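Listing of start06.cif, mmCIF, C-alpha atoms and all ligand atoms
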```cif
data_upload
#
loop_
_atom_site.label_atom_id
_atom_site.label_comp_id
_atom_site.auth_asym_id
_atom_site.auth_seq_id
_atom_site.Cartn_x
_atom_site.Cartn_y
_atom_site.Cartn_z
CA MET A 1 8.86 10.07 18.59
CA ASN A 2 8.61 12.88 21.12
CA THR A 3 5.59 12.09 23.25
CA THR A 4 5.59 15.22 25.36
CA THR A 5 3.17 16.81 22.94
CA LYS A 6 0.02 18.52 24.24
CA GLY A 7 -2.74 17.10 22.07
CA LYS A 8 -4.22 13.63 22.02
CA LEU A 9 -3.76 11.23 19.16
CA ILE A 10 -6.90 9.18 18.52
CA VAL A 11 -6.78 6.18 16.23
CA ILE A 12 -10.07 4.80 14.92
CA SER A 13 -10.07 1.59 12.88
CA ALA A 14 -12.99 -0.38 11.51
CA PRO A 15 -13.78 -2.83 8.74
CA SER A 16 -15.14 -1.26 5.58
CA GLY A 17 -18.89 -0.60 5.86
CA THR A 18 -18.96 -0.26 9.65
CA GLY A 19 -19.97 3.40 9.45
CA LYS A 20 -16.61 4.85 10.51
CA THR A 21 -16.63 7.75 8.06
CA SER A 22 -20.06 9.05 9.18
CA ILE A 23 -19.05 8.72 12.83
CA VAL A 24 -15.80 10.60 12.27
CA LYS A 25 -17.61 13.34 10.37
CA ALA A 26 -20.16 13.79 13.17
CA LEU A 27 -17.40 13.79 15.79
CA THR A 28 -15.51 16.62 14.13
CA GLN A 29 -18.71 18.64 13.81
CA ARG A 30 -19.54 18.24 17.50
CA ALA A 31 -16.12 18.49 19.05
CA ASN A 32 -13.91 21.55 19.02
CA ASN A 33 -10.23 21.09 18.67
CA LEU A 34 -10.42 17.77 16.85
CA ILE A 35 -8.89 17.51 13.42
CA VAL A 36 -8.74 14.56 11.10
CA SER A 37 -5.45 13.73 9.45
CA VAL A 38 -5.54 13.64 5.65
CA SER A 39 -3.66 10.58 4.42
CA THR A 40 -1.70 10.13 1.23
CA THR A 41 -2.81 7.26 -0.98
CA THR A 42 -2.10 5.56 -4.28
CA ARG A 43 -5.83 4.78 -4.61
CA LYS A 44 -7.68 6.58 -7.39
CA ALA A 45 -10.06 9.29 -6.21
CA ARG A 46 -13.71 8.20 -6.09
CA PRO A 47 -16.32 10.52 -7.62
CA GLY A 48 -16.82 13.48 -5.29
CA GLU A 49 -13.56 13.04 -3.38
CA VAL A 50 -11.47 16.17 -3.07
CA GLU A 51 -7.66 16.35 -3.27
CA GLY A 52 -6.19 17.57 0.03
CA SER A 53 -9.47 17.14 1.84
CA ASP A 54 -10.29 13.43 1.53
CA TYR A 55 -6.77 12.31 0.59
CA PHE A 56 -3.63 13.45 -1.13
CA PHE A 57 -3.75 11.28 -4.24
CA VAL A 58 -0.34 10.28 -5.60
CA ASN A 59 1.04 7.66 -7.98
CA LYS A 60 3.01 4.63 -6.76
CA SER A 61 6.39 6.14 -7.55
CA SER A 62 5.67 9.36 -5.61
CA PHE A 63 4.45 7.26 -2.69
CA GLU A 64 7.73 5.27 -2.73
CA THR A 65 9.74 8.50 -2.75
CA LEU A 66 7.79 9.89 0.22
CA LYS A 67 8.30 6.59 2.03
CA LYS A 68 12.07 6.68 1.41
CA GLN A 69 12.21 10.29 2.62
CA GLY A 70 10.70 9.15 5.93
CA GLU A 71 7.62 11.29 5.43
CA PHE A 72 5.24 8.72 6.95
CA ILE A 73 4.76 7.99 10.63
CA GLU A 74 2.93 4.87 9.47
CA TRP A 75 1.93 3.36 6.16
CA ALA A 76 0.19 0.21 4.97
CA LYS A 77 -1.19 -1.61 1.97
CA VAL A 78 -4.96 -1.95 2.28
CA TYR A 79 -7.19 -3.59 -0.36
CA GLY A 80 -4.28 -3.39 -2.84
CA ASN A 81 -3.57 0.34 -2.41
CA GLN A 82 -1.00 2.10 -0.24
CA TYR A 83 -1.91 4.64 2.43
CA GLY A 84 0.32 6.73 4.70
CA THR A 85 0.12 9.39 7.42
CA SER A 86 2.46 12.39 7.45
CA GLU A 87 4.67 12.51 10.54
CA ARG A 88 5.50 16.19 10.18
CA TRP A 89 1.85 17.21 9.99
CA ILE A 90 0.91 15.16 13.07
CA LYS A 91 3.80 16.54 15.14
CA ASP A 92 3.05 20.16 14.22
CA LYS A 93 -0.66 19.90 15.00
CA MET A 94 -0.15 18.06 18.28
CA LYS A 95 2.43 20.56 19.50
CA THR A 96 -0.15 23.30 19.28
CA GLY A 97 -2.58 21.34 21.44
CA ASN A 98 -4.85 19.98 18.74
CA ASN A 99 -6.41 16.55 19.14
CA ILE A 100 -5.71 14.54 16.04
CA LEU A 101 -7.87 11.76 14.71
CA LEU A 102 -6.39 9.08 12.48
CA GLU A 103 -8.81 6.99 10.46
CA ILE A 104 -6.43 4.16 9.61
CA ASP A 105 -6.40 0.38 9.42
CA TRP A 106 -5.08 -2.04 12.07
CA GLN A 107 -1.63 -2.31 10.46
CA GLY A 108 -1.19 1.45 10.78
CA ALA A 109 -2.57 1.33 14.32
CA GLN A 110 0.14 -1.21 15.26
CA GLN A 111 2.86 1.13 14.00
CA ILE A 112 1.40 4.13 15.84
CA LYS A 113 1.17 2.08 19.04
CA GLU A 114 4.84 1.17 18.69
CA LYS A 115 5.87 4.81 18.20
CA PHE A 116 3.71 6.13 21.07
CA LYS A 117 4.40 3.15 23.34
CA SER A 118 4.59 4.98 26.64
CA SER A 119 2.39 7.92 25.78
CA GLU A 120 -0.74 8.75 27.70
CA ASN A 121 -1.79 10.87 24.73
CA LEU A 122 -2.67 7.90 22.55
CA ILE A 123 -6.22 6.51 22.39
CA THR A 124 -7.03 3.54 20.15
CA ILE A 125 -10.59 2.63 19.23
CA PHE A 126 -11.89 -0.24 17.10
CA LEU A 127 -15.40 -0.01 15.68
CA LYS A 128 -17.11 -3.32 15.08
CA PRO A 129 -20.22 -3.99 13.00
CA PRO A 130 -23.03 -5.63 15.05
CA SER A 131 -22.51 -8.82 13.00
CA LEU A 132 -21.09 -9.97 9.69
CA GLU A 133 -24.66 -10.39 8.37
CA GLU A 134 -25.38 -6.76 9.26
CA LEU A 135 -22.13 -5.65 7.59
CA HIS A 136 -23.12 -7.51 4.43
CA LYS A 137 -26.52 -5.80 4.52
CA ARG A 138 -24.99 -2.31 5.02
CA LEU A 139 -22.50 -2.76 2.18
CA LYS A 140 -25.32 -3.93 -0.10
CA GLU A 141 -27.51 -0.96 0.89
CA ARG A 142 -24.63 1.46 0.26
CA GLY A 143 -24.86 0.29 -3.35
CA LYS A 144 -21.27 1.24 -4.22
CA ASP A 145 -19.76 -2.21 -4.62
CA SER A 146 -20.36 -5.31 -6.71
CA ASP A 147 -21.47 -8.58 -5.07
CA GLU A 148 -17.94 -9.91 -5.55
CA THR A 149 -16.39 -6.88 -3.80
CA ILE A 150 -18.91 -7.12 -0.98
CA LYS A 151 -18.03 -10.78 -0.49
CA ASN A 152 -14.33 -9.88 -0.33
CA ARG A 153 -14.92 -7.00 2.09
CA VAL A 154 -16.94 -9.22 4.45
CA SER A 155 -14.22 -11.84 4.37
CA LEU A 156 -11.54 -9.19 5.02
CA ALA A 157 -13.67 -7.81 7.86
CA THR A 158 -13.40 -11.18 9.57
CA SER A 159 -9.61 -10.93 9.70
CA ASP A 160 -9.75 -7.19 10.59
CA ILE A 161 -11.97 -8.00 13.57
CA GLU A 162 -9.37 -10.47 14.88
CA HIS A 163 -7.13 -7.45 15.50
CA SER A 164 -9.74 -5.61 17.57
CA LYS A 165 -8.17 -7.02 20.73
CA GLU A 166 -5.07 -4.89 20.06
CA PHE A 167 -7.12 -1.73 20.67
CA GLN A 168 -7.84 -0.05 24.04
CA HIS A 169 -11.54 0.35 23.28
CA VAL A 170 -13.84 -1.82 21.17
CA ILE A 171 -17.25 -0.38 20.34
CA ILE A 172 -20.04 -2.19 18.51
CA ASN A 173 -21.60 0.29 16.11
CA ASP A 174 -25.20 -0.72 16.62
CA SER A 175 -26.73 2.70 17.15
CA PHE A 176 -25.12 5.78 15.58
CA GLU A 177 -25.95 8.13 18.49
CA GLU A 178 -24.81 5.69 21.17
CA THR A 179 -21.53 5.05 19.37
CA LEU A 180 -20.94 8.77 19.03
CA THR A 181 -21.60 9.37 22.73
CA LYS A 182 -19.30 6.50 23.72
CA ILE A 183 -16.46 7.85 21.60
CA GLN A 184 -16.96 11.40 22.86
CA ASN A 185 -16.80 10.09 26.44
CA ILE A 186 -13.59 8.20 25.73
CA ILE A 187 -11.89 11.14 24.05
CA PHE A 188 -12.99 13.91 26.37
CA SER A 189 -13.16 12.17 29.72
P1 LIG A 201 -10.75 3.88 1.63
O1 LIG A 201 -9.94 3.60 0.43
O2 LIG A 201 -12.06 3.14 1.62
O3 LIG A 201 -10.89 5.36 1.89
O4 LIG A 201 -9.92 3.30 2.88
C1 LIG A 201 -9.59 1.95 2.91
C2 LIG A 201 -8.91 1.63 4.23
O5 LIG A 201 -7.66 2.31 4.34
C3 LIG A 201 -9.72 2.02 5.48
O6 LIG A 201 -9.67 0.95 6.39
C4 LIG A 201 -8.95 3.20 6.03
O7 LIG A 201 -9.08 3.30 7.43
C5 LIG A 201 -7.54 2.84 5.64
N1 LIG A 201 -6.65 4.02 5.61
C6 LIG A 201 -6.93 5.26 5.16
N2 LIG A 201 -5.87 6.07 5.31
C7 LIG A 201 -4.91 5.34 5.90
C8 LIG A 201 -3.55 5.63 6.35
O8 LIG A 201 -3.03 6.73 6.23
N3 LIG A 201 -2.88 4.59 6.90
C9 LIG A 201 -3.42 3.34 7.05
N4 LIG A 201 -2.67 2.42 7.65
N5 LIG A 201 -4.66 3.04 6.66
C10 LIG A 201 -5.40 4.03 6.10
#
```
Could the structure of this file be written out as structure tokens, please?
Ligand code: 5GP
Amino acid sequence: MNTTTKGKLIVISAPSGTGKTSIVKALTQRANNLIVSVSTTTRKARPGEVEGSDYFFVNKSSFETLKKQGEFIEWAKVYGNQYGTSERWIKDKMKTGNNILLEIDWQGAQQIKEKFKSSENLITIFLKPPSLEELHKRLKERGKDSDETIKNRVSLATSDIEHSKEFQHVIINDSFEETLTKIQNIIFS
């Protein structure tokens, strides 16, 4: 991968329920020149999700074809569904000086790290919940998942968190505003 691109590539990973989506949304509203990559997924759209804005929703066979065509700079299976990031899109946007934010899991982060090995343009951030008890509470309050799913997500979070040491920055998402400020400082320092 050509790493002489102008923009920064920012990877943010976090266990489900850590508050990553709200943080990313606030970041893009506050920071100019920061765009979030739209991934392709085999997951079914949730109510309210918009094609091309939240994800590009495809079936398994289309995903396989895109994979074979080398369309993805990284891809991974997460919670039973496949997700991938378009290499062409990332390259084009970075060339024009945009900062790109990837909201991907740790498996994808490992692949991006490998491809951008010697690049100063890559920033990796892992968001941690204050505790597993707090994560359980937040998932319950969100009210979107069954008790069984919540139990699974908390257990998966435990293994996700083990990978936090592979990231340059680890932030505990205790206070929304403080987390936002910390990330802004990392990206724009
Ligand atoms: P959700 O289905 O809840 O939107 O996302 C589930 C998980 O998949 C999250 O951890 C999210 O960061 C991850 N994810 C979303 N898009 C991608 C992608 O393109 N690549 C990888 N590796 N993970 C992704």
Can you tell me, as a PDB file with C-alpha atoms, in the frame of the given file, what residues are no more than 7 Å from region 78-91 of chain A when counting all atoms listed in the file, ignoring any on the same chain fewer than 3 positions away?
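In the end it all went to around-v3.pdb:
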```
ATOM      1  CA  SER A  39      -3.660  10.580   4.420  1.00  0.00           C
ATOM      2  CA  THR A  40      -1.700  10.130   1.230  1.00  0.00           C
ATOM      3  CA  THR A  41      -2.810   7.260  -0.980  1.00  0.00           C
ATOM      4  CA  THR A  42      -2.100   5.560  -4.280  1.00  0.00           C
ATOM      5  CA  ARG A  43      -5.830   4.780  -4.610  1.00  0.00           C
ATOM      6  CA  GLU A  71       7.620  11.290   5.430  1.00  0.00           C
ATOM      7  CA  PHE A  72       5.240   8.720   6.950  1.00  0.00           C
ATOM      8  CA  ILE A  73       4.760   7.990  10.630  1.00  0.00           C
ATOM      9  CA  GLU A  74       2.930   4.870   9.470  1.00  0.00           C
ATOM     10  CA  TRP A  75       1.930   3.360   6.160  1.00  0.00           C
ATOM     11  CA  MET A  94      -0.150  18.060  18.280  1.00  0.00           C
ATOM     12  CA  LYS A  95       2.430  20.560  19.500  1.00  0.00           C
TER      13      LYS A  95
END
```
May I have the centre and edge lengths, in Å to one decimal, of an axis-aligned box around the listed atoms of ligand LIG 201 (chain A) with 5 Å added to every side, as AutoDock Vina command-line options?
```
--center_x -7.4 --center_y 3.8 --center_z 4.0 --size_x 19.4 --size_y 15.8 --size_z 17.2
```
Using all atoms listed in the file, which of the listed residues (A:Asp145, A:Glu133, A:Asp174, A:Asp92) sits closest to ligand LIG 201 (chain A)?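 With all atoms listed in the file as the atom set, the closest residue is A:Asp145.
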Of A:Glu141, A:Gly108, A:Lys25, A:Gly7, the one sitting nearest Asn121 (chain A) when using all atoms listed in the file is A:Gly7
Atom-to-atom span, CA of Lys113 (chain A) and CA of Thr65 (chain A), Å: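 Distance between the two atoms: 24.3 Å.
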Which of these residues is nearest to Thr158 (chain A), using all atoms listed in the file: A:Pro129, A:Ala76, A:Ile186, A:Glu177?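 Once distances to Thr158 (chain A) are computed over all atoms listed in the file, the minimum belongs to A:Pro129.
Minimum atom-to-atom distances from A:Ile104, A:Val38, A:Ala45, A:Ile23 to ligand LIG 201 (chain A) were compared using all atoms listed in the file, and the lowest value belongs to A:Ile104.
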Can you list, as a list in words, every protein, DNA or RNA residue that comes within 7 Å of Pro130 (chain A) when you count all atoms listed in the file, leaving out same-chain residues fewer than 2 positions away?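 Near Pro130 (chain A), the qualifying residues are Lys128, Glu134, Ile172, Asn173 and Asp174 of chain A.
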Determine the nearest neighbour of ligand LIG 201 (chain A) from the options A:Ser164, A:Ser53, A:Asn98, A:Gln107, counting all atoms listed in the file. A:Gln107
With all atoms listed in the file as the counted atoms, please give the residues lying no more than 12 Å from Leu180 (chain A), apart from itself and same-chain residues fewer than 5 positions off, as a ChimeraX atom specification. /A:19-31,127,171-175,185-188
Could you work out how far CA of Val11 (chain A) lies from CA of Val58 (chain A), giving the answer in Å with one decimal?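 Value for the CA of Val58 (chain A)-CA of Val11 (chain A) distance: 23.1 Å.
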With distances taken over only C-alpha atoms and all ligand atoms, which of A:Ile125, A:Ala109, A:Ile10, A:Val170 is nearest to ligand LIG 201 (chain A)?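 Checking each candidate against ligand LIG 201 (chain A), we get A:Ala109 as the closest.
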Extract, using only C-alpha atoms, all DNA, RNA and protein residues at most 9 Å from His136 (chain A), discarding same-chain residues fewer than 3 positions from it, and format them as a PDB file with C-alpha atoms, keeping the file's coordinate frame.
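What ended up in out.pdb:
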```pdb
ATOM      1  CA  GLY A  17     -18.890  -0.600   5.860  1.00  0.00           C
ATOM      2  CA  SER A 131     -22.510  -8.820  13.000  1.00  0.00           C
ATOM      3  CA  LEU A 132     -21.090  -9.970   9.690  1.00  0.00           C
ATOM      4  CA  GLU A 133     -24.660 -10.390   8.370  1.00  0.00           C
ATOM      5  CA  LEU A 139     -22.500  -2.760   2.180  1.00  0.00           C
ATOM      6  CA  LYS A 140     -25.320  -3.930  -0.100  1.00  0.00           C
ATOM      7  CA  GLU A 141     -27.510  -0.960   0.890  1.00  0.00           C
ATOM      8  CA  ILE A 150     -18.910  -7.120  -0.980  1.00  0.00           C
ATOM      9  CA  LYS A 151     -18.030 -10.780  -0.490  1.00  0.00           C
ATOM     10  CA  ARG A 153     -14.920  -7.000   2.090  1.00  0.00           C
ATOM     11  CA  VAL A 154     -16.940  -9.220   4.450  1.00  0.00           C
TER      12      VAL A 154
END
```
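Pairwise distance (atom C7 of ligand LIG 201 (chain A), CA of Asn33 (chain A)) equals 21.0 Å.
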